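What follows is a single structure, written as structure tokens, with notes after it.
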Amino acid sequence: QVQLVESGGGSVQAGGSLTLSCAVSGYDISTYCMGWFRQAPGKDREGVATIDSIGILSYADSVKGRFSISKDNAKITLYLQMSSLKPEDTAMYYCAAAEQGLCHYSDYDSGRNLDYWGQGTQVTVSS
């Protein structure tokens, strides 16, 4: 049974930083694609970042240069380092996994490569 459990969300002021973690069980993060998407109230799901099976990273234009996705295969954990946070980054952030090796952040916008996801962690950025 695949389980994804996010943590690390919170409330910060604009310009601040947070690091989200996603603890994974029942899934081989070294073989398949993983990533993060977010959803704000009243808005569509938005892909944020992905890391595929060969380590290729992709980022939404809105977070490029500010967010960094990484994973620790030994700890079976996915991370999202977020810096220079803006109020428009406020959303529930979800960790996602797919049973294939290649992916792109834009897949999440259309609901692709969303075989598994967690319960989410809230990020609130105040101005």
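In the structure tokens, chains take the letters A, B, ... in the order shown, each chain's residues start at 1, and ligands count up from 1 in the order shown.
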
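Near Gly9 in chain A, within 7 Å and counting only C-alpha atoms, sit Leu20, Thr121, Gln122 and Val123 of chain A; same-chain residues fewer than 6 positions away were not included.
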
List every residue of chain A that DSSP, applied to the backbone of this structure, assigns to strand (DSSP E), and report them as a PyMOL selection string.
chain A and resi 3-7+10-13+18-25+34-39+46-51+57-59+67-72+77-82+91-97+116-117+121-126

Please compute the CA of Glu46 in chain A-CA of Asn113 in chain A distance, one decimal, in Å.
13.2 Å

Can you tell me, as number ranges by chain, what residues are no more than 10 Å from Thr77 in chain A when counting only C-alpha atoms, ignoring any on the same chain fewer than 5 positions away?
A: 4-6, 21-25, 29, 70-72

Would you export the selected residues with N, CA, C and O atoms as a tab-separated table (two decimals), in the first residue's frame, please?
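For reference, result26.tsv as written:
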```tsv
chain	number	residue	atom	x	y	z
A	4	LEU	N	1.79	8.46	1.16
A	4	LEU	CA	2.57	9.68	1.06
A	4	LEU	C	2.10	10.61	2.17
A	4	LEU	O	0.90	10.91	2.25
A	5	VAL	N	3.02	11.07	3.00
A	5	VAL	CA	2.65	11.92	4.13
A	5	VAL	C	3.49	13.19	4.10
A	5	VAL	O	4.71	13.15	4.30
A	6	GLU	N	2.82	14.30	3.83
A	6	GLU	CA	3.50	15.59	3.75
A	6	GLU	C	3.63	16.23	5.13
A	6	GLU	O	2.79	16.02	6.01
A	21	SER	N	8.39	18.28	3.34
A	21	SER	CA	8.87	16.91	3.23
A	21	SER	C	7.71	15.99	2.91
A	21	SER	O	6.57	16.27	3.30
A	22	CYS	N	8.01	14.91	2.23
A	22	CYS	CA	6.99	13.90	1.91
A	22	CYS	C	7.60	12.54	2.21
A	22	CYS	O	8.49	12.07	1.49
A	23	ALA	N	7.15	11.94	3.29
A	23	ALA	CA	7.61	10.60	3.66
A	23	ALA	C	6.81	9.56	2.89
A	23	ALA	O	5.58	9.62	2.85
A	24	VAL	N	7.52	8.63	2.27
A	24	VAL	CA	6.89	7.67	1.35
A	24	VAL	C	7.05	6.25	1.87
A	24	VAL	O	8.11	5.88	2.39
A	25	SER	N	6.02	5.47	1.72
A	25	SER	CA	6.13	4.04	2.03
A	25	SER	C	5.40	3.25	0.96
A	25	SER	O	4.45	3.75	0.34
A	29	ILE	N	10.84	5.26	-4.75
A	29	ILE	CA	11.00	6.62	-5.27
A	29	ILE	C	12.21	6.73	-6.19
A	29	ILE	O	12.34	7.71	-6.92
A	70	SER	N	13.91	17.89	-4.46
A	70	SER	CA	14.96	16.90	-4.31
A	70	SER	C	14.38	15.67	-3.61
A	70	SER	O	13.26	15.71	-3.10
A	71	LYS	N	15.15	14.60	-3.62
A	71	LYS	CA	14.71	13.40	-2.92
A	71	LYS	C	15.90	12.70	-2.31
A	71	LYS	O	17.03	12.83	-2.79
A	72	ASP	N	15.63	11.98	-1.25
A	72	ASP	CA	16.64	11.17	-0.58
A	72	ASP	C	16.16	9.72	-0.67
A	72	ASP	O	15.23	9.33	0.03
```

Do a neighbour search on Leu85 in chain A at 6 Å with only C-alpha atoms, toss out local chain neighbours closer than 5 positions, and write the hits as a VMD selection string.
chain A and resid 14 to 16

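Among the candidates A:Tyr93, A:Tyr105, A:Gly118, A:Pro87, the residue lying nearest to Ala60 in chain A is A:Tyr105 (atoms considered: only C-alpha atoms).
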
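Using only C-alpha atoms, the contacts of Ser126 in chain A at a cut-off of 9 Å, with sequence neighbours closer than 5 positions omitted, comprise Ser11, Val12, Gln13, Ala14, Lys86, Pro87 and Thr90 of chain A.
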
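Take the candidates A:Asp107, A:Pro41, A:Met34, A:Ala98 and check each one against Ile56 in chain A using only C-alpha atoms; the shortest distance goes to A:Met34.
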
For Gln100 in chain A, please output as a PDB file with N, CA, C and O atoms, in the first residue's frame all residues within 7 Å (counting only C-alpha atoms; exclusion window: fewer than 2 positions along the same chain).
```
ATOM      1  N   TYR A  32      10.556   5.669  -9.935  1.00  0.00           N
ATOM      2  CA  TYR A  32       9.423   6.349 -10.538  1.00  0.00           C
ATOM      3  C   TYR A  32       9.480   7.857 -10.351  1.00  0.00           C
ATOM      4  O   TYR A  32      10.333   8.387  -9.650  1.00  0.00           O
ATOM      5  N   CYS A  33       8.533   8.518 -10.980  1.00  0.00           N
ATOM      6  CA  CYS A  33       8.448   9.967 -10.936  1.00  0.00           C
ATOM      7  C   CYS A  33       7.722  10.437  -9.680  1.00  0.00           C
ATOM      8  O   CYS A  33       6.730   9.847  -9.271  1.00  0.00           O
ATOM      9  N   ALA A  98       3.843   8.721  -9.392  1.00  0.00           N
ATOM     10  CA  ALA A  98       3.286   8.052 -10.571  1.00  0.00           C
ATOM     11  C   ALA A  98       4.006   6.739 -10.806  1.00  0.00           C
ATOM     12  O   ALA A  98       5.196   6.608 -10.504  1.00  0.00           O
ATOM     13  N   LEU A 102       8.960   8.857 -16.250  1.00  0.00           N
ATOM     14  CA  LEU A 102       9.092  10.189 -16.820  1.00  0.00           C
ATOM     15  C   LEU A 102       7.862  11.026 -16.516  1.00  0.00           C
ATOM     16  O   LEU A 102       6.736  10.533 -16.555  1.00  0.00           O
TER      17      LEU A 102
END
```

Could you go through range 51-124 of chain A and tell me which residues DSSP, when run on the backbone, assigns to helix (DSSP H, G or I), listing them as a list in words?
Pro87, Glu88, Asp89, Tyr105, Ser106, Asp107, Tyr108 and Asp109 of chain A

Just the selected residues (N, CA and C atoms), exported as a tab-separated table (two decimals), in the first residue's frame, please.
```
chain	number	residue	atom	x	y	z
A	87	PRO	N	2.84	35.92	-1.38
A	87	PRO	CA	1.47	35.63	-0.98
A	87	PRO	C	0.75	34.71	-1.98
A	88	GLU	N	1.08	34.82	-3.25
A	88	GLU	CA	0.42	33.97	-4.26
A	88	GLU	C	0.87	32.52	-4.19
A	89	ASP	N	1.85	32.21	-3.36
A	89	ASP	CA	2.25	30.82	-3.13
A	89	ASP	C	1.35	30.14	-2.10
A	105	TYR	N	6.03	18.80	-14.65
A	105	TYR	CA	5.11	19.44	-13.71
A	105	TYR	C	3.74	19.73	-14.35
A	106	SER	N	3.73	20.00	-15.63
A	106	SER	CA	2.47	20.34	-16.30
A	106	SER	C	1.51	19.15	-16.37
A	107	ASP	N	2.03	17.93	-16.16
A	107	ASP	CA	1.17	16.75	-16.13
A	107	ASP	C	0.09	16.91	-15.06
A	108	TYR	N	0.46	17.48	-13.93
A	108	TYR	CA	-0.47	17.58	-12.81
A	108	TYR	C	-1.62	18.52	-13.14
A	109	ASP	N	-1.38	19.52	-13.98
A	109	ASP	CA	-2.46	20.44	-14.35
A	109	ASP	C	-3.62	19.71	-15.02
```

Gly65 in chain A surroundings by only C-alpha atoms, 12 Å radius, close-in-sequence under 3 positions cut, as an mmCIF file with N, CA and C atoms, in the first residue's frame:
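Listed below is the output, selection11.cif:
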```cif
data_model
loop_
_atom_site.group_PDB
_atom_site.id
_atom_site.type_symbol
_atom_site.label_atom_id
_atom_site.label_comp_id
_atom_site.auth_asym_id
_atom_site.auth_seq_id
_atom_site.Cartn_x
_atom_site.Cartn_y
_atom_site.Cartn_z
ATOM 1 N N ALA A 49 6.430 21.159 -9.306
ATOM 2 C CA ALA A 49 7.748 20.636 -9.651
ATOM 3 C C ALA A 49 7.706 19.119 -9.691
ATOM 4 N N SER A 58 11.721 19.454 -13.286
ATOM 5 C CA SER A 58 10.926 20.446 -14.007
ATOM 6 C C SER A 58 10.223 21.326 -12.990
ATOM 7 N N TYR A 59 10.068 22.607 -13.337
ATOM 8 C CA TYR A 59 9.460 23.570 -12.438
ATOM 9 C C TYR A 59 8.466 24.440 -13.193
ATOM 10 N N ALA A 60 7.389 24.789 -12.515
ATOM 11 C CA ALA A 60 6.479 25.775 -13.061
ATOM 12 C C ALA A 60 7.206 27.109 -13.141
ATOM 13 N N ASP A 61 6.871 27.891 -14.149
ATOM 14 C CA ASP A 61 7.516 29.195 -14.317
ATOM 15 C C ASP A 61 7.330 30.067 -13.081
ATOM 16 N N SER A 62 6.211 29.910 -12.413
ATOM 17 C CA SER A 62 5.893 30.757 -11.264
ATOM 18 C C SER A 62 6.799 30.504 -10.069
ATOM 19 N N SER A 68 13.041 24.423 -5.001
ATOM 20 C CA SER A 68 13.960 23.362 -5.408
ATOM 21 C C SER A 68 13.422 22.017 -4.933
ATOM 22 N N ILE A 69 13.271 21.084 -5.865
ATOM 23 C CA ILE A 69 12.786 19.750 -5.520
ATOM 24 C C ILE A 69 13.969 18.789 -5.433
ATOM 25 N N GLN A 81 12.115 22.631 -1.256
ATOM 26 C CA GLN A 81 12.654 23.801 -0.593
ATOM 27 C C GLN A 81 12.074 25.034 -1.260
ATOM 28 N N MET A 82 11.462 25.880 -0.456
ATOM 29 C CA MET A 82 10.811 27.069 -0.983
ATOM 30 C C MET A 82 11.425 28.306 -0.354
ATOM 31 N N SER A 83 11.847 29.240 -1.176
ATOM 32 C CA SER A 83 12.409 30.487 -0.667
ATOM 33 C C SER A 83 11.772 31.666 -1.396
ATOM 34 N N SER A 84 12.033 32.856 -0.899
ATOM 35 C CA SER A 84 11.451 34.074 -1.473
ATOM 36 C C SER A 84 9.953 33.895 -1.682
ATOM 37 N N LEU A 85 9.301 33.369 -0.667
ATOM 38 C CA LEU A 85 7.879 33.070 -0.791
ATOM 39 C C LEU A 85 7.047 34.331 -0.987
#
```

Hey, which of A:Lys75, A:Lys64, A:Gly8, A:Gly101 ends up closest to Val48 in chain A? Count only C-alpha atoms.
A:Lys64
